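Since the structure comes first, as structure tokens, the remarks are kept for the end.
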Amino acid sequence: MPELGRRDVFILDGVSYSTNYNNVLSNLSLNICSGEIHALLGENGCGKSTLGKIVSGALKPSSGTISSQKGTRVCMVHQDRVGNENFLVWEYLLFDNDRVYRKGFLPRRKVRREAAALLKEYGLEIDIYKKLRELKSSEYTAVELIRQLEKKPDILILDEIFIKLGSGFSRIFTGVFQRLKRKGVAILFITHDIEKLYDFADRVSILRNGKVLFSGPVDSIDKVNVIRLAYTETVEKVKLAELQSEFYHFLKFNEAILNTLPINLAVIDPDHKIIMANKSFERHFEIPRENYIYRNISFIFSEQQNDVYRMIMASLGSKETQSFFDVPITIGEHHSINTLKIVPIYDGVAVVGHIVIVEDVTDYYTLQKKMMLSDNLSSIGLLAAGVGHEINNSLEIVFNYLRYIGKKVDDPSLGGPLSELKDELNFISNIVSRLVTFSDTNLASTEDFDANILVENYISLIHKNDIYGSINFSLEKNADPLIITMNKNEFRQVIINLIKNSCEAITGSGNVKIRTSLEPASSGSVVRISVEDDGVGIPQDKINSVFTPFFTTKSSDSKNLGLGLSLCYSIITRNGGTIKAGNLPKRGCRFTVTLPQPDCEITN
């Protein structure tokens with residue numbers, strides 16, 4: 001029989017435990033000391049929970065000896081629910097507590113008062129009239145903990161409870177456990193969480209295949225060797241120093257892969273709590289580890305991401321990898337397009353968790369849209385090149401006949417219809433001319449000019465139009481000249497189209513603001529021109545389509561055919577620039593044009 005030391009409260013010596021099918025524990029020896037948090041660490045099936053049940057007295061070992069101080073009270077909080085699910089919370093909290101019932105049965109109202117007072121004392125808001133089956137996993141675990149704590153144990157066994165408790169309850173009970181330790185209570189902490197081991201425990205015993213491979217102070221073994229002993233194949237008798245070099249490099253290599261992957265990865269347990277995430281995930285969702293660890297995956301997604309949360313939850317019942325494409329996610333003011341994958345994790349044949357992978361494909365999505373837009377513009381160009389010339393020839397003949405008829409007809413009542421017919425033909429001619437622009441891949445004649453001066457002139461020209469009299473125009477221009485090289489008429493088309501587009505987006509009165517500036521770029525500098533308004537904005541699901549030919553958000557009875565922005569896109573890209581559209585945070589939208597600046601100056 002092993003002798004108890006000064007601090008020993010429980011000793012197992014040569015303990016084995018077998019079932020009809022296998023040996024769970026084999027010749028295991030362990031000391032449990034007062035005032036110490038002792039962690040049992042190992043992979044699933046290594047015998048941790050069985051050992052806890054033997055210490056609690058729930059199981060009897062097949063062989064070996066057990067010694068404990070006289071009157072030692074052992075309580076265990078299991079990882080599974082053990083209480084009758086029909087119990088009410090207040091009934092369950094104290095029903096087998098001999099300290100409460102030492103003088104016989106108590107009135108039910110007094111037990112209810114004691115139960116409510118206990119929950120309040122621990123700072124928990126749990127309805128005492130709920131049945132156990134109605135409690136969330138975290139609530140049930142908290143109730144079970146209080147039930148066992150109120151029995152005033154000398155040894156408290158915690159079987160994988162922190163994952164069940166969640167971050168809020170974990171903070172409360174971590175403080176409770178530290179106070180118990182200072183009072184001399186021994187805590188046996190069963191876990192597979194290495195991070196929690198170093199945050200919480202004083203001593204660790206590592207189990208593998210029912211045997212203790214290592215037992216000693218937590219600070220006497222590093223994480224590398226903890227993982228090697230607990231989760232990788234090792235020989236029974238191994239020197240820790242021999243493990244260090246080889247596995248350290250292996251672990252670091254895998255850690256580097258995980259944290260440098262250009263995808264956002266999180267692992268969730270069967271209760272949908274996040275138990276791990278890589279650095280990319282933390283950066284993408286702008287959240288530190290302490291804020292998300294052990295919290296439900298729903299915590300990551302705000303109300304506007306409910307669709308994403310529903311996708312994830314609907315996928316958790318599947319045994320196959322689920323993939324979703326072009327998934328929009330908004331974090332603060334940042335919008336991104338993502339590929340979402342939910343991958344099941346198997347432990348043998350059972351699903352024990354899922355990997356959630358969020359890959360930001362915004363750049364690829366944008367490039368794809370640009371390619372589609374270029375294809376559309378090319379198609380319009382081919383169409384225009386094929387038929388534009390023939391249509392213009394026919395229009396010229398019609399114009400000649402109209403002029404001839406106008407000279408020969410003396411009836412004044414026909415003057416109006418002939419004039420309207422001429423206007424409509426001019427409108428058709430204008431459309432054809434704009435279509436032909438798409439087919440022209442060559443640059444028009446170019447010259448160097450100051451964009452500031454032309455923009456100012458165009459604003460003045462549009463402002464004189466009575467249609468836009470209720471709109472306030474403002475210009476913030478760069479202090480120095482902004483020199484660009486392109487065709488002046490094409491530049492005029494772009495700026496007037498953008499300003500008119502902003503004006504037409506405003507109902508009644510409003511504001512249109514134009515800004516010009518010089519911005520640094522990877523190769524020299526670019527002229528930046530933005531046109532923004534406080535109009536209705538662009539529907540978020542349509543914002544990537546505004547440069548597509550014939551796309552318009554205007555009413556169906558409008559004569560606008562949706563070619564103005566396509567024309568702008570064609571001209572700007574042909575001159576080596578970029579044009580982008582985006583909604584403003586509160587109201588309205590902004591179009592931004594960038595054009596390369598040549599290495600030259602304008603001389604007066």
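Following the order of the structure tokens, chains are lettered A, B, ..., residues in each are numbered from 1, and ligands are numbered from 1.
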Per-residue DSSP, segment 450-542 of chain A, filtered to alpha helix (DSSP H), as number ranges by chain
A: 451-463, 488-504
Each residue of segment 119-204 of chain A lying at most 9 Å from segment 31-47 of chain A should get a row with its shortest atom-to-atom pair and the distance in Å to one decimal, counting only C-alpha atoms; could you produce that, ordered by chain and increasing number, as a Markdown table?
```
| residue | atom | partner | partner_atom | distance |
| --- | --- | --- | --- | --- |
| A:Asp154 | CA | A:Ser34 | CA | 7.8 |
| A:Ile155 | CA | A:Ser34 | CA | 7.9 |
| A:Phe177 | CA | A:Ile37 | CA | 8.6 |
| A:Gln178 | CA | A:Ile37 | CA | 8.7 |
| A:Leu180 | CA | A:Gly35 | CA | 7.6 |
| A:Lys181 | CA | A:Gly35 | CA | 4.4 |
| A:Arg182 | CA | A:Gly35 | CA | 5.9 |
| A:Lys183 | CA | A:Gly35 | CA | 6.7 |
| A:Gly184 | CA | A:Gly35 | CA | 3.8 |
| A:Val185 | CA | A:Gly35 | CA | 5.0 |
| A:Ala186 | CA | A:Ser34 | CA | 4.5 |
| A:Ile187 | CA | A:Ile37 | CA | 4.7 |
| A:Leu188 | CA | A:His38 | CA | 4.9 |
| A:Phe189 | CA | A:Ala39 | CA | 4.4 |
| A:Ile190 | CA | A:Leu40 | CA | 4.7 |
| A:Thr191 | CA | A:Leu41 | CA | 5.4 |
| A:His192 | CA | A:Leu41 | CA | 5.4 |
| A:Asp193 | CA | A:Leu41 | CA | 7.9 |
| A:Ile194 | CA | A:Leu41 | CA | 8.1 |
| A:Leu197 | CA | A:Ala39 | CA | 6.8 |
| A:Phe200 | CA | A:Ile37 | CA | 7.5 |
| A:Ala201 | CA | A:Ile37 | CA | 5.0 |
| A:Asp202 | CA | A:Ile37 | CA | 5.3 |
| A:Arg203 | CA | A:His38 | CA | 4.7 |
| A:Val204 | CA | A:Ala39 | CA | 4.6 |
```
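Atom CA of Ser517 of chain A lies 19.8 Å from atom CA of Glu490 of chain A.
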Using atom CA of Arg528 of chain A and atom CA of Arg515 of chain A as the two end points, give the distance in Å to one decimal.
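Going from atom CA of Arg528 of chain A over to atom CA of Arg515 of chain A covers 7.9 Å.
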Separation of atom CA of Leu28 of chain A from atom CA of Leu12 of chain A, in Å and rounded to one decimal:
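Atom-to-atom, atom CA of Leu28 of chain A to atom CA of Leu12 of chain A, that is 7.2 Å.
For the set A:His272, A:Arg108, A:His335, A:Lys151, the residue with the smallest atom-to-atom gap to Pro585 of chain A is A:His335, counting only C-alpha atoms.
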If you run DSSP on the backbone here, which positions in segment 18-232 of chain A get strand (DSSP E or B)? Please write them as number ranges by chain.
A: 18, 23-33, 37-41, 63-68, 74-77, 88, 131, 155-159, 186-191, 203-208, 211-217
Set the distance at 12 Å and use only C-alpha atoms: which residues neighbour Ala58 of chain A once local chain neighbours fewer than 5 positions away are removed? I'd like the list as a PyMOL selection string.
chain A and resi 49-53+74-76+78
For those residues, write C-alpha atoms to a file as a short mmCIF file (atom, residue, chain, number, x, y, z; two decimals), in the first residue's frame.
```
data_model
loop_
_atom_site.label_atom_id
_atom_site.label_comp_id
_atom_site.auth_asym_id
_atom_site.auth_seq_id
_atom_site.Cartn_x
_atom_site.Cartn_y
_atom_site.Cartn_z
CA SER A 49 -12.30 9.92 -18.36
CA THR A 50 -12.02 6.34 -17.11
CA LEU A 51 -9.25 7.41 -14.73
CA GLY A 52 -11.43 10.29 -13.50
CA LYS A 53 -14.31 7.90 -12.80
CA VAL A 74 -14.48 13.50 -4.35
CA CYS A 75 -16.89 15.16 -6.81
CA MET A 76 -16.83 14.91 -10.59
CA HIS A 78 -18.81 14.85 -16.35
#
```
Which residue gives the smallest distance to Asn306 of chain A among A:Ser566, A:Ile329, A:Asn400, A:Ser170, with only C-alpha atoms counted?
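Nearest candidate to Asn306 of chain A out of A:Ser566, A:Ile329, A:Asn400, A:Ser170: A:Ile329.
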For Ser62 of chain A: contacts at 9 Å, only C-alpha atoms, fewer than 2 positions along chain excluded, given as number ranges by chain
A: 15-19, 60, 64
Keeping C-alpha atoms, export the residues of the selection given above as a compact mmCIF listing (two decimals), in the first residue's frame.
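Output (again-v7.txt):
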```txt
# COMPACT_ATOMS: atom_id res chain seq x y z
CA VAL A 15 -3.94 0.58 -11.43
CA SER A 16 -5.39 -1.26 -14.44
CA TYR A 17 -8.90 -1.31 -15.83
CA SER A 18 -10.26 -3.68 -18.46
CA THR A 19 -13.56 -4.31 -20.19
CA LYS A 60 -13.61 0.03 -9.54
CA GLY A 64 -3.82 -2.09 -8.37
```
